[in-house]
>>> print(open('coords03.pdb').read())   # PDB, C-alpha atoms (C1' of nucleotides)
ATOM      1  CA  MET J   1     -34.295  33.905 -41.585
ATOM      2  CA  GLN J   2     -32.236  33.311 -38.448
ATOM      3  CA  LEU J   3     -32.163  35.608 -35.435
ATOM      4  CA  ALA J   4     -30.341  35.143 -32.151
ATOM      5  CA  THR J   5     -29.644  36.622 -28.737
ATOM      6  CA  TRP J   6     -26.422  36.362 -26.734
ATOM      7  CA  ASN J   7     -25.295  37.875 -23.448
ATOM      8  CA  VAL J   8     -21.553  38.105 -24.139
ATOM      9  CA  ASN J   9     -20.512  39.343 -20.656
ATOM     10  CA  SER J  10     -18.078  41.996 -21.966
ATOM     11  CA  LEU J  11     -17.822  42.491 -25.719
ATOM     12  CA  GLY J  12     -14.253  43.669 -25.181
ATOM     13  CA  VAL J  13     -13.289  40.212 -23.958
ATOM     14  CA  ARG J  14     -15.681  38.250 -26.167
ATOM     15  CA  LEU J  15     -15.229  39.884 -29.592
ATOM     16  CA  PRO J  16     -13.102  36.952 -30.834
ATOM     17  CA  HIS J  17     -15.808  34.525 -29.674
ATOM     18  CA  LEU J  18     -18.442  36.588 -31.457
ATOM     19  CA  GLN J  19     -16.399  36.700 -34.657
ATOM     20  CA  GLN J  20     -15.814  32.962 -34.593
ATOM     21  CA  TRP J  21     -19.483  32.273 -33.926
ATOM     22  CA  LEU J  22     -20.701  34.610 -36.670
ATOM     23  CA  ALA J  23     -18.297  33.027 -39.140
ATOM     24  CA  GLN J  24     -19.921  29.631 -38.711
ATOM     25  CA  GLN J  25     -23.510  30.604 -37.867
ATOM     26  CA  PRO J  26     -25.885  31.899 -40.573
ATOM     27  CA  VAL J  27     -27.602  34.520 -38.396
ATOM     28  CA  ASP J  28     -29.236  37.543 -40.014
ATOM     29  CA  VAL J  29     -29.968  39.481 -36.823
ATOM     30  CA  LEU J  30     -28.241  39.250 -33.443
ATOM     31  CA  ALA J  31     -29.194  40.867 -30.142
ATOM     32  CA  LEU J  32     -26.281  41.351 -27.726
ATOM     33  CA  GLN J  33     -26.304  42.127 -24.003
ATOM     34  CA  GLU J  34     -23.777  43.073 -21.347
ATOM     35  CA  LEU J  35     -21.392  44.853 -23.683
ATOM     36  CA  LYS J  36     -19.740  46.548 -20.672
ATOM     37  CA  MET J  37     -18.345  49.275 -22.925
ATOM     38  CA  THR J  38     -19.201  52.763 -24.137
ATOM     39  CA  ASP J  39     -20.451  53.368 -27.677
ATOM     40  CA  GLU J  40     -17.088  54.962 -28.520
ATOM     41  CA  LYS J  41     -15.407  51.581 -28.005
ATOM     42  CA  PHE J  42     -18.010  49.536 -29.890
ATOM     43  CA  PRO J  43     -16.199  47.458 -32.572
ATOM     44  CA  HIS J  44     -18.092  48.709 -35.622
ATOM     45  CA  ASP J  45     -15.173  48.061 -37.994
ATOM     46  CA  GLU J  46     -14.708  44.430 -36.961
ATOM     47  CA  LEU J  47     -18.440  43.735 -37.185
ATOM     48  CA  ARG J  48     -18.711  45.457 -40.561
ATOM     49  CA  ALA J  49     -15.903  43.187 -41.741
ATOM     50  CA  ALA J  50     -18.019  40.259 -40.545
ATOM     51  CA  GLY J  51     -20.876  41.557 -42.689
ATOM     52  CA  PHE J  52     -23.040  43.323 -40.131
ATOM     53  CA  HIS J  53     -24.625  46.683 -39.577
ATOM     54  CA  ALA J  54     -24.774  47.489 -35.885
ATOM     55  CA  ALA J  55     -26.371  49.877 -33.404
ATOM     56  CA  SER J  56     -25.247  49.993 -29.797
ATOM     57  CA  PHE J  57     -26.518  51.471 -26.564
ATOM     58  CA  GLY J  58     -23.501  51.204 -24.311
ATOM     59  CA  GLN J  59     -22.223  52.529 -21.036
ATOM     60  CA  LYS J  60     -19.032  52.300 -19.043
ATOM     61  CA  SER J  61     -18.365  49.152 -16.977
ATOM     62  CA  TYR J  62     -21.845  47.639 -16.883
ATOM     63  CA  ASN J  63     -24.889  46.764 -18.964
ATOM     64  CA  GLY J  64     -24.970  47.812 -22.625
ATOM     65  CA  VAL J  65     -26.995  46.259 -25.465
ATOM     66  CA  ALA J  66     -26.708  46.148 -29.243
ATOM     67  CA  LEU J  67     -28.392  44.943 -32.411
ATOM     68  CA  LEU J  68     -26.516  43.502 -35.398
ATOM     69  CA  ALA J  69     -28.091  42.866 -38.789
ATOM     70  CA  ARG J  70     -26.931  41.916 -42.271
ATOM     71  CA  THR J  71     -29.287  44.595 -43.652
ATOM     72  CA  PRO J  72     -29.496  48.179 -42.397
ATOM     73  CA  LEU J  73     -31.140  48.879 -39.032
ATOM     74  CA  ARG J  74     -33.844  51.537 -39.261
ATOM     75  CA  ASP J  75     -35.600  53.668 -36.649
ATOM     76  CA  VAL J  76     -33.130  52.746 -33.926
ATOM     77  CA  GLU J  77     -34.319  53.654 -30.435
ATOM     78  CA  ARG J  78     -32.264  53.564 -27.251
ATOM     79  CA  ILE J  79     -34.783  53.238 -24.460
ATOM     80  CA  THR J  80     -34.599  53.803 -20.712
ATOM     81  CA  PRO J  81     -38.112  52.615 -19.831
ATOM     82  CA  CYS J  82     -37.925  53.163 -16.081
ATOM     83  CA  ASP J  83     -37.972  56.698 -14.655
ATOM     84  CA  GLY J  84     -34.870  57.363 -12.581
ATOM     85  CA  ASP J  85     -32.897  54.486 -14.144
ATOM     86  CA  ASP J  86     -30.629  55.578 -16.986
ATOM     87  CA  SER J  87     -28.789  52.244 -17.403
ATOM     88  CA  ALA J  88     -28.344  51.045 -20.994
ATOM     89  CA  ARG J  89     -30.612  48.002 -21.128
ATOM     90  CA  LEU J  90     -32.931  48.290 -24.118
ATOM     91  CA  ILE J  91     -32.477  49.011 -27.816
ATOM     92  CA  ALA J  92     -34.967  48.513 -30.651
ATOM     93  CA  ALA J  93     -34.782  48.768 -34.424
ATOM     94  CA  THR J  94     -36.611  47.811 -37.589
ATOM     95  CA  VAL J  95     -35.133  45.364 -40.103
ATOM     96  CA  ASP J  96     -36.333  44.020 -43.441
ATOM     97  CA  ALA J  97     -37.653  40.467 -43.404
ATOM     98  CA  PRO J  98     -39.288  38.132 -45.947
ATOM     99  CA  GLY J  99     -42.792  38.624 -44.533
ATOM    100  CA  GLY J 100     -42.378  42.392 -44.166
ATOM    101  CA  ALA J 101     -40.614  44.758 -41.788
ATOM    102  CA  LEU J 102     -39.718  43.320 -38.408
ATOM    103  CA  ARG J 103     -39.273  45.224 -35.148
ATOM    104  CA  VAL J 104     -36.538  43.673 -33.008
ATOM    105  CA  ALA J 105     -35.410  44.573 -29.503
ATOM    106  CA  SER J 106     -32.410  43.575 -27.409
ATOM    107  CA  ALA J 107     -32.961  43.760 -23.657
ATOM    108  CA  TYR J 108     -30.826  43.225 -20.581
ATOM    109  CA  PHE J 109     -33.225  42.962 -17.658
ATOM    110  CA  VAL J 110     -32.198  44.097 -14.168
ATOM    111  CA  ASN J 111     -30.615  41.184 -12.286
ATOM    112  CA  GLY J 112     -32.166  41.918  -8.904
ATOM    113  CA  GLN J 113     -29.451  40.367  -6.713
ATOM    114  CA  ALA J 114     -31.762  38.785  -4.080
ATOM    115  CA  PRO J 115     -35.381  39.098  -2.927
ATOM    116  CA  GLY J 116     -35.683  41.608  -0.114
ATOM    117  CA  THR J 117     -32.874  43.815  -1.366
ATOM    118  CA  GLU J 118     -33.231  47.284  -2.836
ATOM    119  CA  LYS J 119     -31.946  45.936  -6.149
ATOM    120  CA  PHE J 120     -34.782  43.404  -6.234
ATOM    121  CA  ASP J 121     -37.306  46.199  -5.766
ATOM    122  CA  ASP J 122     -35.547  48.045  -8.605
ATOM    123  CA  LYS J 123     -36.005  44.939 -10.745
ATOM    124  CA  MET J 124     -39.752  44.885 -10.056
ATOM    125  CA  ARG J 125     -40.069  48.537 -11.032
ATOM    126  CA  TRP J 126     -38.004  48.018 -14.188
ATOM    127  CA  LEU J 127     -40.164  45.027 -15.153
ATOM    128  CA  ASP J 128     -43.297  47.128 -14.725
ATOM    129  CA  ALA J 129     -41.829  49.819 -16.956
ATOM    130  CA  LEU J 130     -40.668  47.294 -19.561
ATOM    131  CA  HIS J 131     -44.200  45.869 -19.682
ATOM    132  CA  ASP J 132     -45.657  49.270 -20.403
ATOM    133  CA  TRP J 133     -43.033  50.016 -23.048
ATOM    134  CA  LEU J 134     -43.700  46.653 -24.730
ATOM    135  CA  GLN J 135     -47.427  47.316 -24.751
ATOM    136  CA  GLY J 136     -46.847  50.583 -26.592
ATOM    137  CA  GLU J 137     -44.286  49.080 -28.938
ATOM    138  CA  LEU J 138     -46.721  46.301 -29.895
ATOM    139  CA  ALA J 139     -49.354  48.901 -30.704
ATOM    140  CA  ARG J 140     -46.850  50.478 -33.124
ATOM    141  CA  HIS J 141     -45.296  47.252 -34.463
ATOM    142  CA  GLU J 142     -47.425  44.166 -34.971
ATOM    143  CA  ARG J 143     -44.425  42.012 -36.009
ATOM    144  CA  LEU J 144     -42.095  42.214 -33.025
ATOM    145  CA  LEU J 145     -39.416  40.076 -31.385
ATOM    146  CA  LEU J 146     -38.153  40.801 -27.862
ATOM    147  CA  MET J 147     -34.830  39.047 -27.313
ATOM    148  CA  GLY J 148     -32.442  39.122 -24.416
ATOM    149  CA  ASP J 149     -31.349  38.227 -20.920
ATOM    150  CA  PHE J 150     -34.547  38.413 -18.861
ATOM    151  CA  ASN J 151     -32.951  37.159 -15.615
ATOM    152  CA  ILE J 152     -36.133  35.122 -15.076
ATOM    153  CA  ALA J 153     -36.512  31.334 -15.257
ATOM    154  CA  PRO J 154     -40.237  31.279 -16.055
ATOM    155  CA  GLN J 155     -41.060  27.607 -15.396
ATOM    156  CA  ASP J 156     -39.736  24.776 -13.221
ATOM    157  CA  ALA J 157     -38.282  23.174 -16.360
ATOM    158  CA  ASP J 158     -36.111  26.270 -16.790
ATOM    159  CA  SER J 159     -34.066  25.604 -13.635
ATOM    160  CA  HIS J 160     -31.820  22.731 -12.614
ATOM    161  CA  ALA J 161     -33.128  23.024  -9.027
ATOM    162  CA  PRO J 162     -36.592  24.637  -9.078
ATOM    163  CA  ALA J 163     -37.514  23.527  -5.544
ATOM    164  CA  ALA J 164     -34.258  24.349  -3.801
ATOM    165  CA  LEU J 165     -34.018  27.712  -5.557
ATOM    166  CA  ALA J 166     -37.742  28.566  -5.449
ATOM    167  CA  HIS J 167     -37.260  31.663  -3.298
ATOM    168  CA  THR J 168     -34.051  32.903  -4.909
ATOM    169  CA  VAL J 169     -33.541  35.465  -7.651
ATOM    170  CA  CYS J 170     -34.783  34.513 -11.143
ATOM    171  CA  HIS J 171     -37.209  32.000  -9.558
ATOM    172  CA  THR J 172     -39.610  33.993  -7.352
ATOM    173  CA  PRO J 173     -43.370  34.110  -7.964
ATOM    174  CA  GLN J 174     -43.096  37.881  -8.425
ATOM    175  CA  GLU J 175     -40.599  37.490 -11.261
ATOM    176  CA  LYS J 176     -42.596  34.686 -12.875
ATOM    177  CA  ALA J 177     -45.721  36.854 -12.669
ATOM    178  CA  HIS J 178     -43.888  39.614 -14.530
ATOM    179  CA  PHE J 179     -42.879  37.146 -17.253
ATOM    180  CA  ALA J 180     -46.503  35.985 -17.495
ATOM    181  CA  ARG J 181     -47.648  39.595 -17.871
ATOM    182  CA  LEU J 182     -45.345  40.008 -20.862
ATOM    183  CA  LEU J 183     -46.839  36.881 -22.442
ATOM    184  CA  ALA J 184     -50.328  38.215 -21.671
ATOM    185  CA  LEU J 185     -49.626  41.098 -24.049
ATOM    186  CA  GLY J 186     -49.821  38.484 -26.791
ATOM    187  CA  MET J 187     -46.193  37.328 -26.823
ATOM    188  CA  ALA J 188     -45.139  33.703 -27.247
ATOM    189  CA  ASP J 189     -42.083  32.138 -25.608
ATOM    190  CA  ALA J 190     -40.507  30.943 -28.881
ATOM    191  CA  PHE J 191     -38.495  28.181 -27.195
ATOM    192  CA  ARG J 192     -41.641  26.590 -25.746
ATOM    193  CA  LEU J 193     -43.446  26.510 -29.094
ATOM    194  CA  PHE J 194     -41.516  23.268 -29.647
ATOM    195  CA  ASP J 195     -40.670  20.069 -27.812
ATOM    196  CA  GLN J 196     -37.313  20.642 -26.130
ATOM    197  CA  PRO J 197     -34.838  18.380 -24.355
ATOM    198  CA  ALA J 198     -34.994  18.360 -20.560
ATOM    199  CA  GLY J 199     -32.187  20.342 -18.997
ATOM    200  CA  SER J 200     -32.196  23.085 -21.660
ATOM    201  CA  TYR J 201     -30.481  26.119 -20.173
ATOM    202  CA  THR J 202     -28.844  29.323 -21.419
ATOM    203  CA  TRP J 203     -26.751  30.298 -18.378
ATOM    204  CA  TRP J 204     -24.399  28.431 -16.074
ATOM    205  CA  ASP J 205     -22.541  29.970 -13.123
ATOM    206  CA  TYR J 206     -18.772  30.131 -13.612
ATOM    207  CA  ARG J 207     -18.395  28.529 -10.171
ATOM    208  CA  GLN J 208     -18.838  24.943  -9.005
ATOM    209  CA  ALA J 209     -18.272  23.399 -12.422
ATOM    210  CA  SER J 210     -21.887  24.311 -13.157
ATOM    211  CA  PHE J 211     -21.619  23.885 -16.916
ATOM    212  CA  ARG J 212     -19.953  20.480 -16.723
ATOM    213  CA  ARG J 213     -22.753  19.338 -14.398
ATOM    214  CA  ASN J 214     -25.416  21.191 -16.449
ATOM    215  CA  GLN J 215     -26.553  23.098 -13.380
ATOM    216  CA  GLY J 216     -28.006  26.017 -15.292
ATOM    217  CA  LEU J 217     -30.997  28.250 -15.829
ATOM    218  CA  ARG J 218     -32.939  29.234 -18.918
ATOM    219  CA  ILE J 219     -33.047  32.992 -18.380
ATOM    220  CA  ASP J 220     -32.385  34.208 -21.934
ATOM    221  CA  HIS J 221     -35.518  34.347 -24.026
ATOM    222  CA  ILE J 222     -37.015  35.227 -27.393
ATOM    223  CA  LEU J 223     -40.610  36.405 -27.294
ATOM    224  CA  ALA J 224     -42.558  36.609 -30.563
ATOM    225  CA  SER J 225     -45.662  38.736 -31.027
ATOM    226  CA  ARG J 226     -48.998  37.148 -31.917
ATOM    227  CA  ALA J 227     -48.628  38.112 -35.576
ATOM    228  CA  LEU J 228     -45.157  36.588 -35.757
ATOM    229  CA  ALA J 229     -45.527  33.391 -33.738
ATOM    230  CA  PRO J 230     -47.024  31.368 -36.632
ATOM    231  CA  GLN J 231     -43.847  32.044 -38.624
ATOM    232  CA  VAL J 232     -41.489  30.653 -35.975
ATOM    233  CA  ARG J 233     -40.024  27.434 -37.380
ATOM    234  CA  ALA J 234     -37.497  26.509 -34.685
ATOM    235  CA  CYS J 235     -35.886  27.782 -31.514
ATOM    236  CA  THR J 236     -32.668  26.323 -30.160
ATOM    237  CA  ILE J 237     -29.791  26.940 -27.748
ATOM    238  CA  ASP J 238     -26.214  26.675 -29.013
ATOM    239  CA  ARG J 239     -24.162  25.337 -26.100
ATOM    240  CA  ILE J 240     -20.944  25.097 -28.101
ATOM    241  CA  PRO J 241     -19.571  28.603 -27.371
ATOM    242  CA  ARG J 242     -19.936  27.838 -23.640
ATOM    243  CA  THR J 243     -17.330  25.066 -24.142
ATOM    244  CA  TRP J 244     -14.743  27.438 -25.637
ATOM    245  CA  GLU J 245     -11.791  28.944 -23.778
ATOM    246  CA  ARG J 246     -12.719  31.921 -21.589
ATOM    247  CA  PRO J 247     -16.429  31.734 -22.472
ATOM    248  CA  SER J 248     -19.330  33.991 -21.647
ATOM    249  CA  ASP J 249     -21.438  32.453 -18.888
ATOM    250  CA  HIS J 250     -24.407  32.620 -21.310
ATOM    251  CA  ALA J 251     -25.034  30.571 -24.453
ATOM    252  CA  PRO J 252     -26.705  32.039 -27.537
ATOM    253  CA  MET J 253     -30.338  31.229 -28.358
ATOM    254  CA  LEU J 254     -31.474  31.129 -31.996
ATOM    255  CA  VAL J 255     -34.850  31.417 -33.666
ATOM    256  CA  GLU J 256     -35.746  30.591 -37.257
ATOM    257  CA  LEU J 257     -38.496  32.553 -38.985
ATOM    258  CA  ALA J 258     -40.245  31.442 -42.173
TER     259      ALA J 258
ATOM    260  C1'  DA M 259     -22.879  30.110   1.614
ATOM    261  C1'  DT M 260     -20.156  30.581  -2.896
ATOM    262  C1'  DG M 261     -15.179  27.860  -4.714
ATOM    263  C1'  DT M 262     -15.622  32.426 -10.924
ATOM    264  C1'  DC M 263     -15.463  35.991 -13.836
ATOM    265  C1'  DG M 264     -15.028  41.062 -15.492
ATOM    266  C1'  DA M 265     -14.474  46.257 -14.766
ATOM    267  C1'  DC M 266     -12.478  49.679 -12.157
ATOM    268  C1'  DG M 267      -9.390  52.512  -9.364
ATOM    269  C1'  DA M 268      -5.309  52.706  -7.822
ATOM    270  C1'  DA M 269      -3.008  48.735  -6.994
ATOM    271  C1'  DT M 270      -0.283  44.419  -8.147
ATOM    272  C1'  DC M 271      -5.263  43.782  -4.611
ATOM    273  C1'  DG M 272     -10.013  45.265  -2.904
ATOM    274  C1'  DT M 273     -14.580  46.148  -4.209
ATOM    275  C1'  DC M 274     -18.669  45.841  -6.768
ATOM    276  C1'  DG M 275     -21.849  43.435  -9.825
ATOM    277  C1'  DA M 276     -23.432  39.211 -11.757
TER     278       DA M 276
END
>>> encode(input="coords03.pdb", output="structure tokens")
Amino acid sequence: MQLATWNVNSLGVRLPHLQQWLAQQPVDVLALQELKMTDEKFPHDELRAAGFHAASFGQKSYNGVALLARTPLRDVERITPCDGDDSARLIAATVDAPGGALRVASAYFVNGQAPGTEKFDDKMRWLDALHDWLQGELARHERLLLMGDFNIAPQDADSHAPAALAHTVCHTPQEKAHFARLLALGMADAFRLFDQPAGSYTWWDYRQASFRRNQGLRIDHILASRALAPQVRACTIDRIPRTWERPSDHAPMLVELA
DNA sequence: ATGTCGACGAATCGTCGA
């Protein structure tokens, strides 16, 4: 069974990319982020034609997440974990899987702009709230995958310039501590269950020819619960869609479950 | 610091967010 996560940076613009990718990629479940559209505009017909059931949690202009699956999505929840923040950043659903039902979530974490800004403080609060939601969700669903754009590069190996960028967004000790707290709930960073090539990233800035120079960050992640981690067979990043015309700035990450 | 994108409103660019 193959699952994946992809920040498409506007589904309106990237639907053709998504269709092309799905046509050549045997994924069973896909978590999407940054739809940048309302649920009314979500392309259910096109995705049904591609063979997928879908549930979206969209909003105008910004944010927006979705889950796609070849089998029906059950018990869909659209979650705003942080009091006072109604942005569409988290959706969860249950899907059938070989080893039993699987709870999957697609998350678009607050970006945070820069340490010291109000938006960074918002990010810290949202991360706290996400932690508490995940703790509860794990109590309800032993077999759980949290997939999405975390906007955190958890280790030095996850940044092309860990020293120079140490005090910038996605790199700060506070953000890394939040990532560690999520792992401490019993989650495994699926990508790091395996030996990986150096310079493995999921996001490259559109500016400064960052992709060509592989100046990226690994900020998109798939976390597997304790019960599920032993079934993870592989975790990879597909850089190919980042080479296409008018690409998303993020590449998809895939995980294979036994 | 930012050379790039994308959405939006009210322009055919400025502003915000990433």
>>> closest_atom_pairs(input="coords03.pdb", of="chain M", to="chain J", cutoff="9 Å", atoms="all atoms listed in the file", output="tab-separated table")
residue	atom	partner	partner_atom	distance
M:DT260	C1'	J:Arg207	CA	7.8
M:DG261	C1'	J:Gln208	CA	6.3
M:DT262	C1'	J:Tyr206	CA	4.7
M:DC263	C1'	J:Tyr206	CA	6.7
M:DG264	C1'	J:Ser10	CA	7.2
M:DA265	C1'	J:Ser61	CA	5.3
M:DC266	C1'	J:Ser61	CA	7.6
M:DG275	C1'	J:Tyr62	CA	8.2
M:DA276	C1'	J:Asn111	CA	7.5
>>> write_last_selection(input="coords03.pdb", atoms="C-alpha atoms (C1' of nucleotides)", output="compact mmCIF listing (two decimals), in the frame of the given file")
# COMPACT_ATOMS: atom_id res chain seq x y z
C1' DT M 260 -20.16 30.58 -2.90
C1' DG M 261 -15.18 27.86 -4.71
C1' DT M 262 -15.62 32.43 -10.92
C1' DC M 263 -15.46 35.99 -13.84
C1' DG M 264 -15.03 41.06 -15.49
C1' DA M 265 -14.47 46.26 -14.77
C1' DC M 266 -12.48 49.68 -12.16
C1' DG M 275 -21.85 43.44 -9.82
C1' DA M 276 -23.43 39.21 -11.76
>>> atom_distance(input="coords03.pdb", atom1="CA of Phe179 in chain J", atom2="CA of Glu142 in chain J")
19.6 Å
>>> residues_around(input="coords03.pdb", residues="range 73-88 of chain J", least_positions_apart="5", cutoff="7 Å", atoms="all atoms listed in the file", output="PDB file with C-alpha atoms, keeping the file's coordinate frame")
ATOM      1  CA  HIS J  53     -24.625  46.683 -39.577  1.00  0.00           C
ATOM      2  CA  PHE J  57     -26.518  51.471 -26.564  1.00  0.00           C
ATOM      3  CA  GLY J  58     -23.501  51.204 -24.311  1.00  0.00           C
ATOM      4  CA  GLN J  59     -22.223  52.529 -21.036  1.00  0.00           C
ATOM      5  CA  ASN J  63     -24.889  46.764 -18.964  1.00  0.00           C
ATOM      6  CA  GLY J  64     -24.970  47.812 -22.625  1.00  0.00           C
ATOM      7  CA  VAL J  65     -26.995  46.259 -25.465  1.00  0.00           C
ATOM      8  CA  ALA J  93     -34.782  48.768 -34.424  1.00  0.00           C
ATOM      9  CA  THR J  94     -36.611  47.811 -37.589  1.00  0.00           C
ATOM     10  CA  VAL J  95     -35.133  45.364 -40.103  1.00  0.00           C
ATOM     11  CA  TRP J 126     -38.004  48.018 -14.188  1.00  0.00           C
ATOM     12  CA  ALA J 129     -41.829  49.819 -16.956  1.00  0.00           C
ATOM     13  CA  LEU J 130     -40.668  47.294 -19.561  1.00  0.00           C
ATOM     14  CA  TRP J 133     -43.033  50.016 -23.048  1.00  0.00           C
TER      15      TRP J 133
END
>>> atom_distance(input="coords03.pdb", atom1="CA of His250 in chain J", atom2="CA of Leu228 in chain J")
25.6 Å
>>> axis_aligned_box(input="coords03.pdb", around="range 120-123 of chain J", padding_each_side="5 Å", output="lines of an AutoDock Vina configuration file")
center_x = -36.0
center_y = 45.7
center_z = -8.3
size_x = 12.5
size_y = 14.6
size_z = 15.0
>>> closest_residue(input="coords03.pdb", among="J:Glu175, J:Pro98, J:Ala180, J:Ser225", to="Leu144 in chain J", atoms="all atoms listed in the file")
J:Ser225
>>> closest_residue(input="coords03.pdb", among="J:His44, J:Arg143, J:Lys119, J:Arg226", to="Leu68 in chain J", atoms="only C-alpha atoms")
J:His44
>>> atom_distance(input="coords03.pdb", atom1="CA of Met1 in chain J", atom2="CA of Arg233 in chain J")
9.6 Å
>>> closest_residue(input="coords03.pdb", among="J:Ala166, J:Ala66, J:Ala107, J:Leu32", to="Val8 in chain J", atoms="all atoms listed in the file")
J:Leu32
>>> closest_residue(input="coords03.pdb", among="J:Ala97, J:Leu185, J:Ala198, J:Ala49", to="Leu3 in chain J", atoms="all atoms listed in the file")
J:Ala97
>>> residues_near_point(input="coords03.pdb", point="(-33.4, 25.5, -10.2)", cutoff="12 Å", atoms="all atoms listed in the file", output="PyMOL selection string")
chain J and resi 152-172+199-201+203-204+210+214-219
>>> closest_residue(input="coords03.pdb", among="J:Asn151, J:Thr71, J:Ser106, J:Ser56", to="Thr202 in chain J", atoms="all atoms listed in the file")
J:Asn151
>>> build_atoms(input="coords03.pdb", residues="range 218-230 of chain J", atoms="N, CA and C atoms", output="mmCIF file, keeping the file's coordinate frame")
data_model
loop_
_atom_site.group_PDB
_atom_site.id
_atom_site.type_symbol
_atom_site.label_atom_id
_atom_site.label_comp_id
_atom_site.auth_asym_id
_atom_site.auth_seq_id
_atom_site.Cartn_x
_atom_site.Cartn_y
_atom_site.Cartn_z
ATOM 1 N N ARG J 218 -32.546 28.625 -17.645
ATOM 2 C CA ARG J 218 -32.939 29.234 -18.918
ATOM 3 C C ARG J 218 -33.517 30.605 -18.596
ATOM 4 N N ILE J 219 -32.654 31.615 -18.714
ATOM 5 C CA ILE J 219 -33.047 32.992 -18.380
ATOM 6 C C ILE J 219 -32.955 33.926 -19.580
ATOM 7 N N ASP J 220 -32.407 33.432 -20.692
ATOM 8 C CA ASP J 220 -32.385 34.208 -21.934
ATOM 9 C C ASP J 220 -33.560 33.736 -22.790
ATOM 10 N N HIS J 221 -34.266 34.690 -23.351
ATOM 11 C CA HIS J 221 -35.518 34.347 -24.026
ATOM 12 C C HIS J 221 -35.714 35.130 -25.316
ATOM 13 N N ILE J 222 -36.554 34.551 -26.183
ATOM 14 C CA ILE J 222 -37.015 35.227 -27.393
ATOM 15 C C ILE J 222 -38.535 35.165 -27.379
ATOM 16 N N LEU J 223 -39.149 36.333 -27.276
ATOM 17 C CA LEU J 223 -40.610 36.405 -27.294
ATOM 18 C C LEU J 223 -41.063 36.929 -28.652
ATOM 19 N N ALA J 224 -42.031 36.234 -29.247
ATOM 20 C CA ALA J 224 -42.558 36.609 -30.563
ATOM 21 C C ALA J 224 -43.993 37.088 -30.424
ATOM 22 N N SER J 225 -44.303 38.194 -31.100
ATOM 23 C CA SER J 225 -45.662 38.736 -31.027
ATOM 24 C C SER J 225 -46.659 37.796 -31.705
ATOM 25 N N ARG J 226 -47.924 38.005 -31.400
ATOM 26 C CA ARG J 226 -48.998 37.148 -31.917
ATOM 27 C C ARG J 226 -48.928 37.020 -33.440
ATOM 28 N N ALA J 227 -48.654 38.130 -34.102
ATOM 29 C CA ALA J 227 -48.628 38.112 -35.576
ATOM 30 C C ALA J 227 -47.443 37.319 -36.111
ATOM 31 N N LEU J 228 -46.401 37.214 -35.296
ATOM 32 C CA LEU J 228 -45.157 36.588 -35.757
ATOM 33 C C LEU J 228 -45.052 35.116 -35.361
ATOM 34 N N ALA J 229 -45.691 34.742 -34.287
ATOM 35 C CA ALA J 229 -45.527 33.391 -33.738
ATOM 36 C C ALA J 229 -45.776 32.289 -34.769
ATOM 37 N N PRO J 230 -46.792 32.433 -35.645
ATOM 38 C CA PRO J 230 -47.024 31.368 -36.632
ATOM 39 C C PRO J 230 -45.861 31.169 -37.606
#
